[in-house]
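The data block below is input01.pdb; it holds PDB, C-alpha atoms and all ligand atoms.
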```
ATOM      1  CA  MET A  27     -26.860 -29.588  53.131
ATOM      2  CA  PHE A  28     -29.234 -29.284  50.145
ATOM      3  CA  THR A  29     -32.008 -31.826  50.699
ATOM      4  CA  ILE A  30     -34.649 -32.891  48.210
ATOM      5  CA  TYR A  31     -38.073 -34.327  48.955
ATOM      6  CA  PHE A  32     -39.033 -36.424  45.920
ATOM      7  CA  CYS A  33     -42.722 -37.211  45.376
ATOM      8  CA  GLY A  34     -44.033 -39.991  43.151
ATOM      9  CA  SER A  35     -47.104 -42.164  43.004
ATOM     10  CA  ILE A  36     -47.276 -45.171  45.332
ATOM     11  CA  ARG A  37     -50.895 -46.234  45.858
ATOM     12  CA  GLY A  38     -51.875 -44.149  42.830
ATOM     13  CA  GLY A  39     -50.093 -46.773  40.696
ATOM     14  CA  ARG A  40     -46.497 -47.959  40.450
ATOM     15  CA  GLN A  41     -46.098 -48.066  36.641
ATOM     16  CA  ASP A  42     -43.484 -45.257  36.695
ATOM     17  CA  ALA A  43     -41.447 -46.588  39.630
ATOM     18  CA  ASP A  44     -38.359 -47.340  37.466
ATOM     19  CA  LEU A  45     -38.444 -43.825  36.089
ATOM     20  CA  TYR A  46     -38.641 -42.424  39.656
ATOM     21  CA  GLN A  47     -35.532 -44.419  40.487
ATOM     22  CA  ARG A  48     -33.666 -42.941  37.497
ATOM     23  CA  ILE A  49     -34.743 -39.410  38.441
ATOM     24  CA  ILE A  50     -33.689 -39.950  42.072
ATOM     25  CA  LYS A  51     -30.276 -41.165  40.891
ATOM     26  CA  LYS A  52     -29.823 -37.885  39.000
ATOM     27  CA  LEU A  53     -31.166 -35.807  41.892
ATOM     28  CA  LYS A  54     -28.570 -37.337  44.209
ATOM     29  CA  LYS A  55     -25.903 -35.399  42.300
ATOM     30  CA  TYR A  56     -27.409 -32.217  43.755
ATOM     31  CA  GLY A  57     -28.109 -33.158  47.346
ATOM     32  CA  LYS A  58     -29.553 -35.750  49.699
ATOM     33  CA  VAL A  59     -32.846 -37.267  48.541
ATOM     34  CA  LEU A  60     -34.922 -37.781  51.693
ATOM     35  CA  THR A  61     -37.500 -40.047  50.046
ATOM     36  CA  GLU A  62     -35.353 -42.431  48.020
ATOM     37  CA  PHE A  63     -37.809 -45.226  48.868
ATOM     38  CA  VAL A  64     -40.376 -43.741  46.435
ATOM     39  CA  GLY A  65     -38.287 -45.298  43.625
ATOM     40  CA  SER A  66     -37.753 -48.640  45.326
ATOM     41  CA  ASP A  67     -40.357 -51.062  46.653
ATOM     42  CA  GLU A  68     -37.602 -52.778  48.635
ATOM     43  CA  LEU A  69     -36.540 -49.592  50.464
ATOM     44  CA  MET A  70     -40.215 -48.727  50.994
ATOM     45  CA  GLY A  71     -40.853 -52.099  52.620
ATOM     46  CA  GLU A  72     -37.913 -51.516  54.981
ATOM     47  CA  LEU A  73     -39.109 -48.024  55.917
ATOM     48  CA  ASP A  74     -42.706 -49.149  56.419
ATOM     49  CA  ALA A  75     -41.454 -51.872  58.751
ATOM     50  CA  THR A  76     -39.507 -49.310  60.824
ATOM     51  CA  LEU A  77     -42.686 -47.257  61.050
ATOM     52  CA  ASP A  78     -44.703 -50.346  62.091
ATOM     53  CA  ASN A  79     -46.749 -50.031  58.836
ATOM     54  CA  ASP A  80     -48.645 -47.344  60.734
ATOM     55  CA  GLU A  81     -50.208 -44.794  58.365
ATOM     56  CA  VAL A  82     -50.165 -41.994  60.953
ATOM     57  CA  LYS A  83     -46.435 -42.554  61.473
ATOM     58  CA  ILE A  84     -45.853 -42.714  57.688
ATOM     59  CA  HIS A  85     -47.742 -39.440  57.216
ATOM     60  CA  ASN A  86     -46.043 -37.627  60.107
ATOM     61  CA  ASN A  87     -42.609 -38.877  59.136
ATOM     62  CA  ASP A  88     -43.095 -37.622  55.570
ATOM     63  CA  ILE A  89     -44.401 -34.233  56.693
ATOM     64  CA  GLY A  90     -41.344 -33.926  58.957
ATOM     65  CA  TRP A  91     -39.023 -34.581  55.982
ATOM     66  CA  LEU A  92     -41.055 -32.238  53.786
ATOM     67  CA  SER A  93     -40.730 -29.421  56.314
ATOM     68  CA  THR A  94     -36.935 -29.780  56.527
ATOM     69  CA  SER A  95     -36.383 -30.121  52.762
ATOM     70  CA  SER A  96     -34.612 -27.446  50.711
ATOM     71  CA  ALA A  97     -36.647 -28.261  47.593
ATOM     72  CA  VAL A  98     -39.424 -30.565  46.414
ATOM     73  CA  VAL A  99     -39.362 -32.454  43.108
ATOM     74  CA  ALA A 100     -42.486 -34.336  42.009
ATOM     75  CA  GLU A 101     -43.075 -36.609  39.016
ATOM     76  CA  VAL A 102     -46.746 -35.896  38.435
ATOM     77  CA  THR A 103     -47.628 -37.896  35.313
ATOM     78  CA  GLN A 104     -49.239 -40.777  37.198
ATOM     79  CA  PRO A 105     -52.012 -39.112  39.235
ATOM     80  CA  SER A 106     -51.675 -39.660  42.982
ATOM     81  CA  LEU A 107     -53.692 -38.221  45.863
ATOM     82  CA  GLY A 108     -50.637 -38.453  48.115
ATOM     83  CA  VAL A 109     -48.460 -36.463  45.689
ATOM     84  CA  GLY A 110     -51.171 -33.817  45.273
ATOM     85  CA  TYR A 111     -51.456 -33.561  49.056
ATOM     86  CA  GLU A 112     -47.671 -33.277  49.471
ATOM     87  CA  LEU A 113     -47.551 -30.508  46.862
ATOM     88  CA  GLY A 114     -50.314 -28.570  48.629
ATOM     89  CA  ARG A 115     -48.480 -28.895  51.949
ATOM     90  CA  ALA A 116     -45.217 -27.858  50.233
ATOM     91  CA  VAL A 117     -46.831 -24.677  48.892
ATOM     92  CA  ALA A 118     -48.259 -23.916  52.345
ATOM     93  CA  MET A 119     -44.705 -24.301  53.719
ATOM     94  CA  ASP A 120     -43.381 -21.923  51.048
ATOM     95  CA  LYS A 121     -41.095 -24.578  49.581
ATOM     96  CA  LYS A 122     -39.360 -24.395  46.215
ATOM     97  CA  VAL A 123     -41.147 -26.912  43.992
ATOM     98  CA  LEU A 124     -40.382 -28.515  40.616
ATOM     99  CA  CYS A 125     -43.095 -30.678  39.009
ATOM    100  CA  LEU A 126     -42.166 -32.916  36.076
ATOM    101  CA  TYR A 127     -44.856 -34.088  33.664
ATOM    102  CA  ARG A 128     -44.734 -36.283  30.540
ATOM    103  CA  PRO A 129     -47.610 -35.038  28.344
ATOM    104  CA  GLN A 130     -50.042 -37.783  27.316
ATOM    105  CA  PRO A 131     -53.713 -37.640  26.292
ATOM    106  CA  ASP A 132     -54.950 -40.242  28.778
ATOM    107  CA  LYS A 133     -53.230 -38.629  31.766
ATOM    108  CA  LEU A 134     -53.982 -34.927  31.607
ATOM    109  CA  LEU A 135     -52.252 -32.888  34.274
ATOM    110  CA  SER A 136     -54.538 -31.266  36.818
ATOM    111  CA  ALA A 137     -55.012 -27.532  36.370
ATOM    112  CA  MET A 138     -54.330 -27.259  40.106
ATOM    113  CA  ILE A 139     -50.739 -28.332  39.416
ATOM    114  CA  ARG A 140     -50.005 -26.727  36.043
ATOM    115  CA  GLY A 141     -51.912 -23.624  37.101
ATOM    116  CA  ALA A 142     -49.747 -23.304  40.214
ATOM    117  CA  ASN A 143     -46.681 -22.658  38.023
ATOM    118  CA  ASN A 144     -45.356 -19.155  38.635
ATOM    119  CA  ASP A 145     -41.900 -19.567  37.047
ATOM    120  CA  LYS A 146     -40.444 -18.568  40.379
ATOM    121  CA  ASN A 147     -40.741 -20.905  43.335
ATOM    122  CA  PHE A 148     -43.259 -23.333  41.763
ATOM    123  CA  LEU A 149     -42.085 -24.668  38.416
ATOM    124  CA  CYS A 150     -44.075 -27.110  36.299
ATOM    125  CA  ARG A 151     -42.157 -28.507  33.328
ATOM    126  CA  ASP A 152     -43.083 -30.919  30.535
ATOM    127  CA  TYR A 153     -40.415 -33.408  29.514
ATOM    128  CA  GLU A 154     -39.999 -36.649  27.590
ATOM    129  CA  GLU A 155     -38.737 -39.853  29.198
ATOM    130  CA  ASN A 156     -35.669 -38.627  31.100
ATOM    131  CA  PRO A 157     -35.395 -35.141  32.533
ATOM    132  CA  SER A 158     -31.997 -33.791  31.559
ATOM    133  CA  LEU A 159     -29.356 -32.876  34.073
ATOM    134  CA  ILE A 160     -29.419 -29.415  32.500
ATOM    135  CA  LEU A 161     -33.022 -28.981  33.673
ATOM    136  CA  PHE A 162     -32.043 -29.924  37.223
ATOM    137  CA  SER A 163     -28.904 -27.837  37.262
ATOM    138  CA  ARG A 164     -30.807 -24.785  35.962
ATOM    139  CA  THR A 165     -33.624 -25.335  38.432
ATOM    140  CA  PHE A 166     -31.464 -26.031  41.456
ATOM    141  CA  SER A 167     -29.027 -23.238  40.832
ATOM    142  CA  LYS A 168     -32.044 -20.942  40.595
ATOM    143  CA  LEU A 169     -33.733 -22.396  43.667
ATOM    144  CA  SER A 170     -30.639 -22.614  45.844
ATOM    145  CA  LEU A 171     -29.461 -19.152  44.860
ATOM    146  CA  GLU A 172     -32.836 -17.731  45.728
ATOM    147  CA  SER A 173     -32.797 -19.389  49.130
ATOM    148  CA  THR A 174     -29.258 -18.257  49.968
ATOM    149  CA  PRO A 175     -29.442 -15.290  52.315
ATOM    150  CA  LYS A 176     -27.772 -12.231  50.812
ATOM    151  CA  PRO A 177     -24.929 -10.653  52.821
ATOM    152  CA  LEU A 178     -26.015  -7.580  54.735
ATOM    153  CA  ARG A 179     -24.666  -4.255  53.499
ATOM    154  CA  LYS A 180     -22.763  -2.173  56.041
TER     155      LYS A 180
HETATM  156  O1  LIG B   1     -46.614 -45.812  52.136
HETATM  157  C1  LIG B   1     -46.522 -44.645  51.703
HETATM  158  N1  LIG B   1     -45.434 -43.895  52.018
HETATM  159  C2  LIG B   1     -45.266 -42.623  51.564
HETATM  160  O2  LIG B   1     -44.259 -41.982  51.881
HETATM  161  N2  LIG B   1     -46.220 -42.062  50.712
HETATM  162  C3  LIG B   1     -45.990 -40.697  50.166
HETATM  163  C4  LIG B   1     -44.775 -40.567  49.275
HETATM  164  C5  LIG B   1     -45.301 -40.367  47.878
HETATM  165  O3  LIG B   1     -44.693 -39.197  47.301
HETATM  166  C6  LIG B   1     -46.797 -40.184  48.015
HETATM  167  C7  LIG B   1     -47.586 -41.199  47.212
HETATM  168  O4  LIG B   1     -48.955 -41.121  47.529
HETATM  169  P1  LIG B   1     -50.011 -42.228  47.033
HETATM  170  O5  LIG B   1     -49.740 -43.463  47.811
HETATM  171  O6  LIG B   1     -51.382 -41.621  47.319
HETATM  172  O7  LIG B   1     -49.779 -42.448  45.554
HETATM  173  O8  LIG B   1     -47.109 -40.322  49.398
HETATM  174  C8  LIG B   1     -47.343 -42.776  50.385
HETATM  175  C9  LIG B   1     -47.515 -44.063  50.858
HETATM  176  C10 LIG B   1     -48.703 -44.890  50.487
HETATM  177  O9  LIG B   1     -49.869 -44.127  50.365
END
```

Take the structure from the file and write it as structure tokens.
Ligand SMILES: O=c1[nH]c(=O)n([C@H]2C[C@H](O)[C@@H](COP(=O)(O)O)O2)cc1CO
Amino acid sequence: MFTIYFCGSIRGGRQDADLYQRIIKKLKKYGKVLTEFVGSDELMGELDATLDNDEVKIHNNDIGWLSTSSAVVAEVTQPSLGVGYELGRAVAMDKKVLCLYRPQPDKLLSAMIRGANNDKNFLCRDYEENPSLILFSRTFSKLSLESTPKPLRK
């Protein structure tokens, strides 16, 4: 099953939480979103309770999901240490990554994120308000095709 690890700011600031929820809803058309709670304070509260509000458990649980994910999608407009950390770990795990950024003068995107774009397995894309399904379908068909093993020639 195609699984997606979605990253979005939590302690970095929740002003884009509704947007995360809308993105997650669209992502669910392509596969299972492992971190649906990032768009919902209610789901996050439930998960935190299952993990005893223990930060080591939260961290290890997330890294476990990250390592099993087929692709990582991050909304990076609202700066977040946790999202930056997840992206670094994702690159180290050789994951396929899509970063989504809404350009704005008071929230400039880190060069460590935009500069990681290689138009191959780390994509960084600017967008306005709602990322289109076309962007996801292009990205995921590219990412999933690339990760599909090719049949061996006889
Ligand atoms: O309680 C949490 N649970 C959790 O899964 N995270 C992960 C998911 C988010 O993509 C990312 C947000 O990091 P931050 O809280 O530094 O903004 O970290 C972050 C927190 C809080 O730091």

Which residues of chain A come within 8 Å of ligand LIG 1 (chain B), and for each one, what is the closest pair of atoms and their distance in Å to one decimal, counting only C-alpha atoms and all ligand atoms, sorted by chain and residue number, as CSV?
```
residue,atom,partner,partner_atom,distance
A:Phe32,CA,B:LIG1,O3,6.5
A:Cys33,CA,B:LIG1,O3,3.4
A:Gly34,CA,B:LIG1,O3,4.3
A:Ser35,CA,B:LIG1,O7,3.7
A:Ile36,CA,B:LIG1,O7,3.7
A:Arg37,CA,B:LIG1,O5,3.6
A:Gly38,CA,B:LIG1,O7,3.8
A:Gly39,CA,B:LIG1,O7,6.5
A:Thr61,CA,B:LIG1,O2,7.3
A:Phe63,CA,B:LIG1,O2,7.8
A:Val64,CA,B:LIG1,C4,6.1
A:Met70,CA,B:LIG1,O1,7.1
A:Asp74,CA,B:LIG1,O1,6.7
A:Asn79,CA,B:LIG1,O1,7.9
A:Glu81,CA,B:LIG1,O1,7.3
A:Ile84,CA,B:LIG1,N1,5.8
A:His85,CA,B:LIG1,O2,6.9
A:Asp88,CA,B:LIG1,O2,5.8
A:Ala100,CA,B:LIG1,O3,7.5
A:Pro105,CA,B:LIG1,O7,7.5
A:Ser106,CA,B:LIG1,O7,4.2
A:Leu107,CA,B:LIG1,O6,4.4
A:Gly108,CA,B:LIG1,O4,3.2
A:Val109,CA,B:LIG1,C6,4.7
A:Gly110,CA,B:LIG1,O4,8.0
A:Glu112,CA,B:LIG1,O3,7.0
```

Inset, instruction - Starting from the shown file, work through the PyMOL selection byres (((chain A and resi 102) around 6) and not hetatm) and note down what comes out as a VMD selection string. - result: chain A and resid 100 to 101 103 to 104 126 to 127

Kindly save the residues from that selection, with C-alpha atoms included, as a PDB file, in the frame of the given file.
```pdb
ATOM      1  CA  ALA A 100     -42.486 -34.336  42.009  1.00  0.00           C
ATOM      2  CA  GLU A 101     -43.075 -36.609  39.016  1.00  0.00           C
ATOM      3  CA  THR A 103     -47.628 -37.896  35.313  1.00  0.00           C
ATOM      4  CA  GLN A 104     -49.239 -40.777  37.198  1.00  0.00           C
ATOM      5  CA  LEU A 126     -42.166 -32.916  36.076  1.00  0.00           C
ATOM      6  CA  TYR A 127     -44.856 -34.088  33.664  1.00  0.00           C
TER       7      TYR A 127
END
```

- Message: Just to confirm, what's the straight-line distance from atom CA of A:Leu124 to atom CA of A:Asp80 in Å (one decimal)?
- Response: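 Value for the atom CA of A:Leu124-atom CA of A:Asp80 distance: 28.8 Å.
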
(message) Can you measure atom CA of A:Leu92 to atom CA of A:Gln47 for me? One decimal in Å is fine.
(response)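 About the pair atom CA of A:Leu92 and atom CA of A:Gln47: they are 18.9 Å apart.
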
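The residues caught by the PyMOL selection byres (((chain A and resi 146-154) around 8) and not hetatm) in this file are Lys121, Lys122, Val123, Leu124, Cys125, Leu126, Tyr127, Arg128, Pro129, Ile139, Arg140, Ala142, Asn143, Asn144, Asp145, Glu155, Asn156, Pro157 and Leu169 of chain A.
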
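Atom CA of A:Gly71 lies 14.0 Å from atom CA of A:Arg40.
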
Who sits within 10 Å of A:Lys52, only C-alpha atoms, same chain under 4 positions skipped, as a ChimeraX atom specification: /A:46-48,56-57,156-159,162

Item to complete: Name the residues that the PyMOL selection byres (((chain A and resi 31) around 8) and not hetatm) picks from the file above, as a PyMOL selection string, using the file's chain letters and numbers.
Response: chain A and resi 29-30+32-33+59-61+91-92+95-99

Build an axis-aligned box that encloses every atom of stretch 61-77 of chain A listed in the file, pad it by 6 Å on each side, and report its centre and edge lengths in Å to one decimal, as lines of an AutoDock Vina configuration file.
```
center_x = -39.0
center_y = -46.4
center_z = 52.3
size_x = 19.4
size_y = 24.7
size_z = 29.4
```

Top pick for closest residue to A:Ile89, considering A:Glu72, A:Met119, A:Ser136, A:Leu77 and counting all atoms listed in the file: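 Checking each of A:Glu72, A:Met119, A:Ser136, A:Leu77 against A:Ile89, counting all atoms listed in the file, the winner is A:Met119.
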